[in-house]
Amino acid sequence: MTGAAHPLVGDIDVAVIGGGIVGSCLAGFLAEDGVGVALIDDGRIGGSNANAGSLHVQMQSRFMRLYPQNVPGMERQLPLYPKAVAFWQAMQARLGADFDLKMTGGLMVAESRDQLDFLKIKARRERELGLDVDVLDRAELDRIAPYFGPDVVGAEICANEGKLNPLLANAAIRRWIIEKGVVLVEGESAGPVRRERQGFIIETGNGRIKAGRVVLAAASGSKALAAGLGVAIPAEPEPLHMNITEAAAPLIGHLIQHADRMITLKQFGTGQIVIGGGWPAQLAGERRHPTVELASLVANATLAQHIVPRIAPLRIIRTWAGINTSVDGKGVLGPIGLVPGLFAAIPGDAGYTLGPLSARLVADMMLGRQPNEDVSPFSPDRFEAA
């Protein structure tokens, strides 16, 4: 422990640990309401600063296959996704910024009759939960997306899925929170957090910060911070691989996924095509840095050109890895009963999509307002009950 006060932050109303999309938006919302906020971020590539820009709404088949035990949680949170996408649209308008946000719908493709039958069952359940989805055969698919390879037999379409450029969105949100007076503590890890009678002490490499309240918004990194305070949050890191191509003429209008294989495809307004979808990466070194694997690069690109053959001539100009955080299919949002003044702000799967809305819900709770959504299913205290 350093013992000395941090040179930028002595005492502060709220310390938000984690400077990704959730922590940044939460800090901004609180600061707009006159709350003194420090945002602490260690600067590692993680989730938001490595995100591929998908705005997901329908349940992702990949998560359903990998984590079948989490499907009930996914279904419980599913109605938040279209609202989260609408919140992104409102956020872009509110900041007067251009996120290159396009609401062109999403297609989850099938390459066999079994896969198409799976999509029909999934779509039926999603419609029961309020989503605007349908299943298209190949002839119907060709009318709106004539670029798929010959093995694609149909797709599920979700009308309100979309995409944005996270580089533009993250930069605009950063400008906004600075304008609102959020104190940025960057490149410093939040070490042990300890509870005191009047609040919390957060140790950093450059001094300690005293805060009245603390928000854990560090995605999977929140697990260790919570454990130090005697709280269980089973948030696990899942490192994932991504590629981006050189610019091409407009080709892919939708957000593309697959019913049974790990792939996402989307094209930015710049013409570049982002290829993601869940191929594994690794956490390397002492800092557990997300690092690409050659096998994932090859498999990801090979599958992409199989699904959309016309991208085969394009060169990959960059490849990188990021981290998804998995809990139990639902977010972890709100006050932690065991430690008064401690809050969690960890969205569920596809956390970038849910980020701004999740931040708004937690900010409202911290400001003593009734959130617009029922947040009780996402309470951190559910893990203590288990």
# chains A, B, ... in the order shown; residues from 1 in each chain; ligands from 1
$ residues_around --residues "stretch 209-220 of chain A" --least-positions-apart "4" --cutoff "8 Å" --atoms "only C-alpha atoms" --output "ChimeraX atom specification"
/A:5-6,9-20,22-23,198-204,225-226,235-237,325-326,341-347
$ write_last_selection --atoms "C-alpha atoms" --output "compact mmCIF listing (two decimals), in the first residue's frame"
# COMPACT_ATOMS: atom_id res chain seq x y z
CA ALA A 5 -3.06 10.23 -1.62
CA HIS A 6 -3.26 9.99 -5.39
CA VAL A 9 -7.67 12.25 -6.89
CA GLY A 10 -7.79 12.60 -3.16
CA ASP A 11 -11.37 12.19 -1.99
CA ILE A 12 -14.12 11.56 -4.56
CA ASP A 13 -17.82 10.80 -4.41
CA VAL A 14 -17.66 7.73 -6.68
CA ALA A 15 -14.78 5.68 -8.07
CA VAL A 16 -15.65 3.62 -11.13
CA ILE A 17 -13.14 0.84 -11.74
CA GLY A 18 -13.00 -0.12 -15.41
CA GLY A 19 -12.89 2.36 -18.29
CA GLY A 20 -14.69 0.35 -20.97
CA VAL A 22 -19.96 0.48 -19.24
CA GLY A 23 -17.65 2.29 -16.84
CA GLN A 198 -16.76 6.53 5.64
CA GLY A 199 -16.33 4.76 2.30
CA PHE A 200 -13.54 2.95 0.49
CA ILE A 201 -9.80 3.16 -0.04
CA ILE A 202 -8.52 2.08 -3.46
CA GLU A 203 -4.83 1.43 -3.82
CA THR A 204 -3.21 2.26 -7.17
CA LEU A 225 -11.75 -7.06 -6.83
CA ALA A 226 -15.05 -8.34 -5.45
CA ALA A 235 -17.29 -13.33 -14.12
CA GLU A 236 -14.91 -15.25 -16.37
CA PRO A 237 -12.74 -13.94 -19.23
CA THR A 325 -16.95 -11.75 -20.17
CA SER A 326 -19.29 -14.59 -19.33
CA GLY A 341 -21.72 1.52 -1.09
CA LEU A 342 -20.35 -1.14 -3.48
CA PHE A 343 -22.02 -1.62 -6.88
CA ALA A 344 -21.51 -3.92 -9.85
CA ALA A 345 -21.94 -2.92 -13.49
CA ILE A 346 -21.21 -5.99 -15.61
CA PRO A 347 -23.48 -6.60 -18.61
$ select_by_dssp --residues "stretch 203-332 of chain A" --states "strand (DSSP E)" --output "MDAnalysis selection string"
chainID A and resid 203:204 207:216 236:245 255:258 264:267 273:276 282:284 289:291 316:326 332
$ atom_distance --atom1 "atom CA of A:Ile317" --atom2 "atom CA of A:Thr264"
17.2 Å
$ residues_around --residues "stretch 85-98 of chain A" --least-positions-apart "2" --cutoff "12 Å" --atoms "only C-alpha atoms" --output "PyMOL selection string"
chain A and resi 21+25+28-29+53-58+78-83+100-103+105+159-177+179-180+269+350-361
$ atom_distance --atom1 "atom CA of A:Ser379" --atom2 "atom CA of A:Val362"
10.5 Å
$ residues_around --residues "A:Leu8" --least-positions-apart "3" --cutoff "10 Å" --atoms "only C-alpha atoms" --output "PyMOL selection string"
chain A and resi 5+11+38+183-185+206-209
$ write_last_selection --atoms "N, CA and C atoms" --output "PDB file, in the first residue's frame"
ATOM      1  N   ALA A   5      -1.898   9.959  -0.784  1.00  0.00           N
ATOM      2  CA  ALA A   5      -3.061  10.226  -1.624  1.00  0.00           C
ATOM      3  C   ALA A   5      -2.634  10.296  -3.084  1.00  0.00           C
ATOM      4  N   ASP A  11     -10.047  12.710  -2.365  1.00  0.00           N
ATOM      5  CA  ASP A  11     -11.366  12.185  -1.993  1.00  0.00           C
ATOM      6  C   ASP A  11     -12.325  12.431  -3.158  1.00  0.00           C
ATOM      7  N   ALA A  38     -14.324   9.590 -10.370  1.00  0.00           N
ATOM      8  CA  ALA A  38     -13.022   9.209 -10.904  1.00  0.00           C
ATOM      9  C   ALA A  38     -13.176   7.886 -11.635  1.00  0.00           C
ATOM     10  N   VAL A 183     -12.862  12.622 -13.761  1.00  0.00           N
ATOM     11  CA  VAL A 183     -11.407  12.563 -13.576  1.00  0.00           C
ATOM     12  C   VAL A 183     -10.912  11.217 -14.086  1.00  0.00           C
ATOM     13  N   LEU A 184     -10.014  11.237 -15.059  1.00  0.00           N
ATOM     14  CA  LEU A 184      -9.500  10.001 -15.643  1.00  0.00           C
ATOM     15  C   LEU A 184      -8.204   9.600 -14.956  1.00  0.00           C
ATOM     16  N   VAL A 185      -8.183   8.397 -14.439  1.00  0.00           N
ATOM     17  CA  VAL A 185      -6.981   7.814 -13.838  1.00  0.00           C
ATOM     18  C   VAL A 185      -6.616   6.631 -14.732  1.00  0.00           C
ATOM     19  N   ASN A 206       0.003   4.695  -8.160  1.00  0.00           N
ATOM     20  CA  ASN A 206       0.429   6.087  -8.037  1.00  0.00           C
ATOM     21  C   ASN A 206      -0.178   6.772  -6.812  1.00  0.00           C
ATOM     22  N   GLY A 207      -0.675   5.985  -5.885  1.00  0.00           N
ATOM     23  CA  GLY A 207      -1.276   6.556  -4.684  1.00  0.00           C
ATOM     24  C   GLY A 207      -2.646   5.965  -4.414  1.00  0.00           C
ATOM     25  N   ARG A 208      -3.231   6.380  -3.312  1.00  0.00           N
ATOM     26  CA  ARG A 208      -4.530   5.821  -2.959  1.00  0.00           C
ATOM     27  C   ARG A 208      -5.633   6.837  -3.224  1.00  0.00           C
ATOM     28  N   ILE A 209      -6.814   6.294  -3.510  1.00  0.00           N
ATOM     29  CA  ILE A 209      -7.997   7.116  -3.770  1.00  0.00           C
ATOM     30  C   ILE A 209      -9.050   6.763  -2.725  1.00  0.00           C
TER      31      ILE A 209
END
$ closest_residue --among "A:Leu131, A:Leu338, A:Ala155, A:Leu265" --to "A:Met242" --atoms "only C-alpha atoms"
A:Leu265
$ closest_residue --among "A:Ile252, A:Ile316, A:Ala139, A:Leu39" --to "A:Val298" --atoms "only C-alpha atoms"
A:Ile316
$ select_by_dssp --residues "stretch 83-150 of chain A" --states "alpha helix (DSSP H)" --output "JSON, numbers by chain"
{"A": [83, 84, 85, 86, 87, 88, 89, 90, 91, 92, 93, 94, 95, 113, 114, 115, 116, 117, 118, 119, 120, 121, 122, 123, 124, 125, 126, 127, 128, 138, 139, 140, 141, 142, 143, 144]}
$ closest_residue --among "A:Met365, A:Val327, A:Val332, A:Ile311" --to "A:Tyr67" --atoms "only C-alpha atoms"
A:Val327
$ atom_distance --atom1 "atom CA of A:Lys330" --atom2 "atom CA of A:Pro380"
10.4 Å
